[in-house]
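A.B. asks: The file below is work_37.cif, mmCIF, C-alpha atoms:
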data_upload
#
loop_
_atom_site.label_atom_id
_atom_site.label_comp_id
_atom_site.auth_asym_id
_atom_site.auth_seq_id
_atom_site.Cartn_x
_atom_site.Cartn_y
_atom_site.Cartn_z
CA MET A 276 -127.37 147.22 25.48
CA SER A 277 -130.25 147.51 27.90
CA VAL A 278 -131.64 151.01 27.78
CA GLN A 279 -134.68 151.85 29.84
CA THR A 280 -136.95 154.84 29.42
CA ARG A 281 -138.46 156.65 32.38
CA VAL A 282 -140.97 159.48 32.52
CA LEU A 283 -139.67 162.33 34.67
CA THR A 284 -141.84 165.07 36.12
CA GLY A 285 -141.54 167.45 39.06
CA ALA A 286 -138.31 167.11 41.07
CA ALA A 287 -137.00 164.24 38.91
CA LEU A 288 -137.44 166.39 35.79
CA ASP A 289 -135.66 169.30 37.46
CA ALA A 290 -132.75 167.08 38.51
CA ALA A 291 -132.28 165.79 34.94
CA LEU A 292 -132.27 169.13 33.11
CA ASP A 293 -128.51 169.76 33.24
CA ASP A 294 -127.95 166.33 31.67
CA VAL A 295 -130.62 167.15 29.07
CA ALA A 296 -128.75 170.39 28.35
CA ARG A 297 -125.49 168.50 27.76
CA LEU A 298 -127.28 166.05 25.43
CA ARG A 299 -128.87 168.90 23.47
CA ILE A 300 -125.47 170.54 23.00
CA ALA A 301 -123.87 167.26 21.84
CA VAL A 302 -126.64 165.98 19.56
CA PHE A 303 -127.77 169.28 18.03
CA ARG A 304 -124.22 170.05 16.84
CA ASP A 305 -125.01 167.65 13.98
CA TRP A 306 -127.06 168.33 10.86
CA PRO A 307 -129.65 169.78 10.51
CA TYR A 308 -129.39 171.92 13.67
CA LEU A 309 -125.65 172.78 13.58
CA TYR A 310 -126.14 174.24 17.06
CA ASP A 311 -123.21 175.90 18.81
CA GLY A 312 -124.66 175.69 22.30
CA ASP A 313 -123.48 176.42 25.82
CA LEU A 314 -124.80 175.51 29.26
CA ASP A 315 -125.88 179.03 30.21
CA TYR A 316 -128.08 179.33 27.11
CA GLU A 317 -129.43 175.83 27.72
CA ARG A 318 -130.35 176.53 31.32
CA ARG A 319 -132.32 179.61 30.24
CA TYR A 320 -134.07 177.69 27.45
CA LEU A 321 -134.93 174.71 29.66
CA GLN A 322 -136.36 176.92 32.40
CA SER A 323 -139.82 176.61 30.80
CA TYR A 324 -139.85 172.92 31.80
CA ARG A 325 -139.09 173.82 35.41
CA ASP A 326 -141.89 176.40 35.34
CA SER A 327 -144.59 174.20 33.79
CA SER A 328 -146.54 171.80 35.98
CA GLY A 329 -147.54 169.92 32.82
CA ALA A 330 -144.01 169.43 31.49
CA VAL A 331 -142.39 166.05 31.00
CA VAL A 332 -138.95 164.65 30.24
CA VAL A 333 -138.71 161.11 28.96
CA GLY A 334 -135.23 159.91 29.79
CA ALA A 335 -133.39 157.01 28.15
CA PHE A 336 -130.97 155.52 30.65
CA ASP A 337 -128.11 153.12 30.16
CA GLY A 338 -127.73 152.21 33.82
CA PRO A 339 -127.55 155.56 35.64
CA ARG A 340 -126.34 157.46 32.54
CA LEU A 341 -128.82 159.60 30.60
CA VAL A 342 -128.12 158.78 26.92
CA GLY A 343 -131.25 160.29 25.42
CA ALA A 344 -134.12 162.56 26.33
CA SER A 345 -137.34 163.83 24.92
CA THR A 346 -139.23 166.80 26.31
CA GLY A 347 -142.71 168.20 26.13
CA ALA A 348 -145.03 170.75 27.70
CA PRO A 349 -148.45 172.28 27.20
CA MET A 350 -148.11 174.59 24.21
CA GLU A 351 -149.07 177.70 26.16
CA ASP A 352 -146.24 177.02 28.65
CA HIS A 353 -143.50 176.98 26.02
CA ALA A 354 -141.67 179.84 24.29
CA ALA A 355 -143.97 182.35 22.58
CA GLU A 356 -142.05 181.84 19.29
CA PHE A 357 -143.49 178.33 19.12
CA ALA A 358 -147.07 179.25 20.00
CA ALA A 359 -147.41 182.35 17.80
CA PRO A 360 -147.66 180.48 14.45
CA PHE A 361 -150.88 178.82 15.64
CA ALA A 362 -152.78 182.14 15.86
CA ALA A 363 -154.25 181.78 12.35
CA THR A 364 -155.07 178.05 12.58
CA GLY A 365 -158.20 178.20 14.70
CA LEU A 366 -156.63 175.66 17.09
CA ALA A 367 -156.70 176.51 20.78
CA LEU A 368 -153.28 176.38 22.41
CA SER A 369 -154.95 174.73 25.42
CA ASP A 370 -155.73 171.72 23.18
CA ILE A 371 -152.11 171.23 22.05
CA PHE A 372 -149.25 169.44 23.73
CA TYR A 373 -145.88 170.52 22.36
CA CYS A 374 -143.41 167.68 21.86
CA ALA A 375 -140.15 169.57 21.89
CA GLU A 376 -136.72 168.05 21.42
CA SER A 377 -135.73 164.41 21.15
CA VAL A 378 -132.00 163.90 21.52
CA LEU A 379 -130.26 160.54 21.54
CA LEU A 380 -126.58 159.68 21.37
CA ALA A 381 -125.67 158.04 18.05
CA ASP A 382 -124.68 154.67 19.58
CA TYR A 383 -128.23 154.21 20.91
CA ARG A 384 -130.19 154.93 17.73
CA GLY A 385 -132.13 152.30 15.81
CA GLN A 386 -133.41 150.53 18.95
CA GLY A 387 -136.97 151.89 18.99
CA LEU A 388 -136.30 154.70 21.44
CA GLY A 389 -137.76 157.31 19.08
CA HIS A 390 -141.09 155.49 19.26
CA ALA A 391 -140.79 155.13 23.05
CA PHE A 392 -140.20 158.89 23.32
CA PHE A 393 -143.33 159.69 21.30
CA ASP A 394 -145.44 157.02 23.06
CA ALA A 395 -144.61 158.42 26.50
CA ARG A 396 -145.15 162.06 25.55
CA GLU A 397 -148.44 161.33 23.77
CA SER A 398 -149.64 159.34 26.81
CA HIS A 399 -148.67 162.26 29.05
CA ALA A 400 -150.54 164.66 26.75
CA ARG A 401 -153.68 162.50 26.88
CA GLY A 402 -153.42 162.48 30.67
CA LEU A 403 -153.49 166.28 30.57
CA GLY A 404 -156.62 166.18 28.40
CA ARG A 405 -154.86 167.47 25.28
CA ARG A 406 -156.48 166.83 21.91
CA TYR A 407 -153.40 167.31 19.73
CA SER A 408 -149.72 166.57 19.82
CA ALA A 409 -147.43 168.84 17.79
CA PHE A 410 -143.75 169.40 17.20
CA CYS A 411 -141.55 171.29 14.77
CA GLY A 412 -138.34 170.61 12.90
CA VAL A 413 -135.77 172.99 11.47
CA GLN A 414 -135.88 173.62 7.73
CA ARG A 415 -132.55 173.93 5.95
CA PRO A 416 -131.99 174.52 2.22
CA ALA A 417 -131.46 171.31 0.23
CA ASP A 418 -128.25 172.79 -1.17
CA HIS A 419 -126.81 173.81 2.21
CA PRO A 420 -123.03 173.24 2.05
CA LEU A 421 -122.99 171.30 5.36
CA ARG A 422 -125.80 168.89 4.46
CA PRO A 423 -124.39 165.33 4.59
CA ALA A 424 -124.78 163.38 1.36
CA ALA A 425 -126.38 160.45 3.22
CA TYR A 426 -128.83 162.57 5.24
CA ARG A 427 -132.39 161.23 5.37
CA PRO A 428 -135.10 163.44 6.87
CA LEU A 429 -137.39 161.90 9.48
CA ASP A 430 -140.60 162.71 7.57
CA ALA A 431 -141.45 159.03 6.93
CA PHE A 432 -141.01 158.18 10.63
CA TRP A 433 -143.24 161.08 11.67
CA ARG A 434 -145.93 160.21 9.10
CA ALA A 435 -145.92 156.58 10.26
CA ARG A 436 -146.76 157.90 13.73
CA GLY A 437 -149.77 159.80 12.33
CA TYR A 438 -148.26 163.28 12.08
CA GLU A 439 -148.82 165.57 9.12
CA LYS A 440 -147.29 168.90 8.22
CA LEU A 441 -149.33 171.94 9.17
CA ASP A 442 -148.97 173.92 5.97
CA GLY A 443 -147.88 177.48 6.56
CA VAL A 444 -147.40 177.00 10.30
CA ILE A 445 -143.75 177.90 10.69
CA ALA A 446 -142.05 179.00 13.89
CA GLU A 447 -138.89 181.07 13.89
CA PHE A 448 -136.30 180.59 16.60
CA SER A 449 -132.74 181.89 16.93
CA TRP A 450 -129.56 180.07 17.81
CA LYS A 451 -125.90 180.29 16.87
CA ASP A 452 -124.75 177.90 14.16
CA LEU A 453 -121.35 176.27 14.33
CA GLY A 454 -118.72 178.59 12.91
CA GLU A 455 -121.01 181.63 12.94
CA PRO A 456 -120.38 184.72 15.08
CA VAL A 457 -123.99 185.51 16.04
CA GLU A 458 -127.41 183.92 16.40
CA THR A 459 -129.65 183.86 13.33
CA ARG A 460 -133.34 183.04 12.98
CA LYS A 461 -134.26 179.61 11.61
CA PRO A 462 -137.62 178.43 10.25
CA LEU A 463 -139.15 175.39 11.95
CA GLN A 464 -142.02 173.51 10.27
CA PHE A 465 -144.83 172.30 12.54
CA TRP A 466 -146.30 168.80 12.38
CA ILE A 467 -149.46 167.71 14.23
CA ARG A 468 -151.64 164.72 14.98
CA GLU A 469 -154.91 164.26 16.77
CA LEU A 470 -154.65 162.09 19.86
CA ALA A 471 -157.23 159.33 19.98
#
Would you give me this structure, written as structure tokens?
C.D. replies:
Amino acid sequence: MSVQTRVLTGAALDAALDDVARLRIAVFRDWPYLYDGDLDYERRYLQSYRDSSGAVVVGAFDGPRLVGASTGAPMEDHAAEFAAPFAATGLALSDIFYCAESVLLADYRGQGLGHAFFDARESHARGLGRRYSAFCGVQRPADHPLRPAAYRPLDAFWRARGYEKLDGVIAEFSWKDLGEPVETRKPLQFWIRELA
């Protein structure tokens, strides 16, 4: 398999967003997100990347096919639900680059693309003069009935990249879980690292 990553901004980013939406729907159906998504919701959510001149999509391509994507934007350009938890930290939003989703089809995992996604977004953040890179991950109860027995959180991967949990900095965002009739709010724990 020869997968190549490309940094997409501007018109190239805009052209890729529907494919990113389809990937998000497919990949986030799995644990721990359990996301029951649709294209209309996705298009509304992804609009912030169209609107931000500092946004980036890192695409993983198998030939012309987008098989993975990772997104990011200046923190102040993303949804208010993600920025609000930083109010009590003393960190300026203008210093933070928000690394949003990373989605990759299962057949392409374990090939170093997770590192490539972070490398490209962190490089983009440095180019924008950002001091920090941050992201958040959904928190589910350890005894959740849909948690797979073999599930391993990505904490060790994130720590190896220099990220640490920001204690008490929790975003809340709503989406509809598989099998549920309505959206519910989910807690998302923030992680951060200083960019050298």
A.B. asks: Let me know the residues the PyMOL selection byres ((chain A and resi 311-325) around 9) catches in the file above, as a PyMOL selection string.
C.D. replies: chain A and resi 285-286+288-289+292-293+295-297+299-301+303-304+308-310+326-332+346-348+352-354+450-455
A.B. asks: Counting only C-alpha atoms, which residue out of A:Leu283, A:Leu470, A:Pro307, A:Arg405 sits closest to Ala417 in chain A?
C.D. replies: A:Pro307
A.B. asks: Can you tell me, as number ranges by chain, what residues are no more than 12 Å from Ser369 in chain A when counting all atoms listed in the file, ignoring any on the same chain fewer than 4 positions away?
C.D. replies: A: 329, 348-353, 358, 361, 365, 373, 400, 403-408
A.B. asks: Quick one: which residues end up in the PyMOL selection byres ((chain A and resi 462) around 9) for this structure, as a ChimeraX atom specification?
C.D. replies: /A:412-415,445-449,460-461,463-464
A.B. asks: From the list A:Ala335, A:Ile371, A:Cys411, A:Val302, which residue is nearest Glu469 in chain A when using all atoms listed in the file?
C.D. replies: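 Ranked by minimum distance to Glu469 in chain A, first place goes to A:Ile371.
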A.B. asks: How far is it from CA of Arg281 in chain A to CA of Phe336 in chain A, in Å with one decimal?
C.D. replies: 7.8 Å
A.B. asks: So what do you get for CA of Asp370 in chain A versus CA of Phe432 in chain A, distance-wise?
C.D. replies: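 For CA of Asp370 in chain A relative to CA of Phe432 in chain A, the distance reads 23.6 Å.
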A.B. asks: Would you please work out which residue, of A:Cys374, A:Ala425, A:Ala381, A:Ala395, is nearest to Arg468 in chain A when using only C-alpha atoms?
C.D. replies: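 Closest to Arg468 in chain A of all the choices is A:Cys374.
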A.B. asks: My list of candidates is A:Ala287, A:Phe410, A:Trp466, A:Pro420. Which is closest to Arg434 in chain A when distances are computed with all atoms listed in the file?
C.D. replies: A:Trp466
A.B. asks: At a cut-off of 12 Å, using only C-alpha atoms, what residues contact Gln279 in chain A? Leave out same-chain residues fewer than 3 positions from it and give the result as a list in words.
C.D. replies: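 Here the answer would be Met276, Val282, Val333, Gly334, Ala335, Phe336, Asp337, Gly338, Pro339, Arg340, Leu341, Val342, Gly343, Ala344, Tyr383, Gln386, Gly387, Leu388, Ala391 and Phe392 of chain A.
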